[in-house]
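Chemist: I have a structure here, written as structure tokens, and I will follow up with some questions on it.
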Amino acid sequence: MIIHNDESPKEFLSKVEPLLLEKEAENNLPLGVLERFVLGREEGSCYTLRITEGDKTEYMALRTPPHLWILPSVRGDATPYIKAAARYFYNHEYEVPGVIGDEKSTAVFVEEWTQLTAVTPQVHVQQGVHRLDELNDIPQSSGKLQAADMSHHSIVKEWMTQFGKETNEPLVVERAAELTDSLIRDQRLFLWLVDGTPVSMAGRARTTKNGATINAVFTPDSFKKRGYATQAVWHLTKDLLQKGYSFCSLYTDLANPTSNSIYRKIGYNKISDSIVYHFHKN
């Protein structure tokens, strides 16, 4: 077992991509993050860890501060590699504010990390990773999906702030203006308009070799319970599939049965459980 951490994002992606593509939808986060670095759409630090046996990459981890360490979904038992990663982080004094990944992997890491450091792990959110390969037909309502432009900047920034508060994501609230700029500039944020009025939004978060991930699904309180988010996600999913992506994926808060039900009707099926842990010093 050999641990590497000196590759550039491009070199790192070339070496870990075969591993991540074995579960492409489940690994949309690390694949998408690395793609944005390779395409020059992401700035800042990118910390990587790769574990090999012989010439084969068996495990990896990735962090782009101030975000958490991302752990991948892999086939087979990765316990020895996860424990080795935790020990490597500890021995080399890496900053580990928390981890995000599939439930099984994170449980192994959390157990090892708490034994090494005596920190207190706290579950931030439990999510379901959903995948859609074929779009279901649903009743259509009046309205249309439109890419947000700078004329929508004010309302998108306000909605992004509210979205961050509702999902308990302080970084989204703090970076609402920056995120709005980026999403509009890259034409990744879409509004559902009814009679010309924006009533809901959904974003294309990232892409992988064969799929696209949807996020930032939000409807303000004054427009909720009218099916607008369903229409926005359905039409955005349809557009992405028509552009050639084989599947779409998204995350849902498992504590919100309403949203989970909505996405099932569209055609999304849960393929794994993802969990976010924050670590607090005692």
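How things are named: the first chain in the structure tokens is A, the next is B, and so on; residues count from 1 in each chain; ligands count from 1 in the order shown.
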Running DSSP on the backbone, which parts of range 48-251 of chain A land in helix (DSSP H, G or I), as a PyMOL selection string?
Modeler: chain A and resi 79-91+103-117+150-166+170-174+176-185+221-223+228-242
Chemist: Enumerate the residues of range 12-258 of chain A with a DSSP assignment of strand (DSSP E or B), computed from the backbone, and present them as number ranges by chain.
Modeler: A: 47-53, 56-63, 69-70, 98-102, 120-132, 144-147, 189-194, 197-207, 211-218, 247-253
Chemist: So which residues touch range 72-75 of chain A within 9 Å, counting only C-alpha atoms, skipping near sequence neighbours fewer than 4 positions away, as a list in words?
Modeler: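 In the requested form, the answer reads Leu19, Leu20, Glu22, Lys23, Glu24, Glu26, Asn27, Leu29, Pro30, Glu58, Tyr59, Met60, Ala61, Leu62, Ile100, Gly101, Asp102, Lys104 and Ser105 of chain A.
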Chemist: Kindly export the residues of the current selection with N, CA and C atoms, as an mmCIF file, in the first residue's frame.
Modeler:
data_model
loop_
_atom_site.group_PDB
_atom_site.id
_atom_site.type_symbol
_atom_site.label_atom_id
_atom_site.label_comp_id
_atom_site.auth_asym_id
_atom_site.auth_seq_id
_atom_site.Cartn_x
_atom_site.Cartn_y
_atom_site.Cartn_z
ATOM 1 N N LEU A 19 -11.356 4.476 -11.043
ATOM 2 C CA LEU A 19 -11.952 4.037 -9.779
ATOM 3 C C LEU A 19 -13.290 4.709 -9.544
ATOM 4 N N LEU A 20 -13.356 6.025 -9.738
ATOM 5 C CA LEU A 20 -14.580 6.767 -9.461
ATOM 6 C C LEU A 20 -15.689 6.435 -10.451
ATOM 7 N N GLU A 22 -16.436 3.639 -11.637
ATOM 8 C CA GLU A 22 -17.091 2.375 -11.324
ATOM 9 C C GLU A 22 -18.436 2.628 -10.640
ATOM 10 N N LYS A 23 -18.549 3.763 -9.961
ATOM 11 C CA LYS A 23 -19.817 4.206 -9.367
ATOM 12 C C LYS A 23 -19.979 5.683 -9.696
ATOM 13 N N GLU A 24 -20.210 5.949 -10.960
ATOM 14 C CA GLU A 24 -20.148 7.314 -11.466
ATOM 15 C C GLU A 24 -21.158 8.245 -10.810
ATOM 16 N N GLU A 26 -22.756 7.905 -7.917
ATOM 17 C CA GLU A 26 -22.460 8.073 -6.503
ATOM 18 C C GLU A 26 -21.251 8.991 -6.284
ATOM 19 N N ASN A 27 -20.327 8.990 -7.242
ATOM 20 C CA ASN A 27 -19.106 9.794 -7.120
ATOM 21 C C ASN A 27 -19.178 11.085 -7.934
ATOM 22 N N LEU A 29 -19.715 14.003 -6.947
ATOM 23 C CA LEU A 29 -19.084 15.143 -6.272
ATOM 24 C C LEU A 29 -17.578 15.204 -6.535
ATOM 25 N N PRO A 30 -16.801 14.156 -6.214
ATOM 26 C CA PRO A 30 -15.363 14.271 -6.517
ATOM 27 C C PRO A 30 -15.070 14.396 -8.009
ATOM 28 N N GLU A 58 -6.588 2.173 -5.484
ATOM 29 C CA GLU A 58 -7.619 1.481 -4.713
ATOM 30 C C GLU A 58 -8.514 2.434 -3.927
ATOM 31 N N TYR A 59 -7.994 3.652 -3.659
ATOM 32 C CA TYR A 59 -8.789 4.589 -2.853
ATOM 33 C C TYR A 59 -8.261 5.993 -3.072
ATOM 34 N N MET A 60 -9.089 6.978 -2.727
ATOM 35 C CA MET A 60 -8.694 8.371 -2.854
ATOM 36 C C MET A 60 -9.481 9.208 -1.861
ATOM 37 N N ALA A 61 -9.031 10.425 -1.669
ATOM 38 C CA ALA A 61 -9.777 11.418 -0.893
ATOM 39 C C ALA A 61 -9.397 12.779 -1.448
ATOM 40 N N LEU A 62 -10.278 13.748 -1.263
ATOM 41 C CA LEU A 62 -10.111 15.053 -1.901
ATOM 42 C C LEU A 62 -10.681 16.129 -0.999
ATOM 43 N N ILE A 100 -17.456 14.005 4.029
ATOM 44 C CA ILE A 100 -18.708 13.720 3.337
ATOM 45 C C ILE A 100 -18.469 12.516 2.449
ATOM 46 N N GLY A 101 -19.417 11.589 2.460
ATOM 47 C CA GLY A 101 -19.274 10.406 1.627
ATOM 48 C C GLY A 101 -20.374 9.413 1.912
ATOM 49 N N ASP A 102 -20.254 8.225 1.325
ATOM 50 C CA ASP A 102 -21.285 7.231 1.563
ATOM 51 C C ASP A 102 -21.236 6.793 3.030
ATOM 52 N N LYS A 104 -21.244 4.047 4.720
ATOM 53 C CA LYS A 104 -20.324 3.015 5.188
ATOM 54 C C LYS A 104 -18.902 3.550 5.320
ATOM 55 N N SER A 105 -18.438 4.247 4.293
ATOM 56 C CA SER A 105 -17.068 4.768 4.298
ATOM 57 C C SER A 105 -16.854 5.785 5.410
#
Chemist: Closest to Glu158 in chain A among A:Thr117, A:Thr48, A:Thr219, A:Ser8, using only C-alpha atoms?
Modeler: A:Thr219
Chemist: Could you list, as a PyMOL selection string, every residue within 10 Å of Asn269 in chain A, counting only C-alpha atoms and ignoring same-chain residues fewer than 4 positions away?
Modeler: chain A and resi 128-133+249-250+260+263-265
Chemist: Compare A:Arg226, A:Lys83, A:Lys10, A:His153 by their minimum atom-to-atom distance to Cys46 in chain A, counting only C-alpha atoms, and give me the closest one.
Modeler: A:Lys10
Chemist: Smallest atom-to-atom distance to Glu134 in chain A: which of A:Lys238, A:Lys270, A:Lys15, A:Lys243, using only C-alpha atoms?
Modeler: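 When distances to Glu134 in chain A are compared using only C-alpha atoms, the smallest one comes from A:Lys238.
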Chemist: Of the candidates A:Ser14, A:Ser261, A:Gln231, A:Thr57, which shows the shortest atom-to-atom distance to Gly143 in chain A, using only C-alpha atoms?
Modeler: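 Ranking A:Ser14, A:Ser261, A:Gln231, A:Thr57 by distance to Gly143 in chain A, first place goes to A:Gln231.
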Chemist: Please report the interatomic distance between CA of Ser182 in chain A and CA of Ala216 in chain A in Å with one decimal.
Modeler: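 So the two atoms, CA of Ser182 in chain A and CA of Ala216 in chain A, lie 13.2 Å apart.
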Chemist: Please list as a list in words every residue within 9 Å of Thr237 in chain A, counting only C-alpha atoms and excluding residues in the same chain fewer than 2 positions away.
Modeler: Leu132, Leu135, Ala212, Ile214, Ala232, Val233, Trp234, His235, Asp239, Leu240, Leu241, Gln242, Phe247 and Cys248 of chain A
Chemist: Please list as a PyMOL selection string every residue within 9 Å of Leu183 in chain A, counting only C-alpha atoms and excluding residues in the same chain fewer than 6 positions away.
Modeler: chain A and resi 148+189+203-205
Chemist: The selected residues should be written to file as an mmCIF file, in the first residue's frame (atoms: C-alpha atoms).
Modeler:
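Wrote part_11.cif, looks like this:
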data_model
loop_
_atom_site.group_PDB
_atom_site.id
_atom_site.type_symbol
_atom_site.label_atom_id
_atom_site.label_comp_id
_atom_site.auth_asym_id
_atom_site.auth_seq_id
_atom_site.Cartn_x
_atom_site.Cartn_y
_atom_site.Cartn_z
ATOM 1 C CA ALA A 148 -31.149 33.051 -15.186
ATOM 2 C CA LEU A 189 -28.978 28.316 -12.816
ATOM 3 C CA GLY A 203 -29.281 24.487 -10.863
ATOM 4 C CA ARG A 204 -26.918 22.214 -12.735
ATOM 5 C CA ALA A 205 -24.236 21.620 -10.168
#
Chemist: Would you please work out which residue, of A:Ile184, A:Ala107, A:Met1, A:Leu236, is nearest to Gly54 in chain A when using only C-alpha atoms?
Modeler: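 Closest to Gly54 in chain A of all the choices is A:Met1.
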Chemist: With distances taken over only C-alpha atoms, which of A:Ser274, A:Thr230, A:Gly244, A:Arg36 is nearest to Asp137 in chain A?
Modeler: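 Of all the options, A:Thr230 lies closest to Asp137 in chain A.
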Chemist: So that I can check the surroundings of range 123-127 of chain A, please list as a PyMOL selection string every protein, DNA and RNA residue that reaches within 6 Å of it, counting only C-alpha atoms and ignoring chain neighbours fewer than 4 positions away.
Modeler: chain A and resi 252-254+273-277
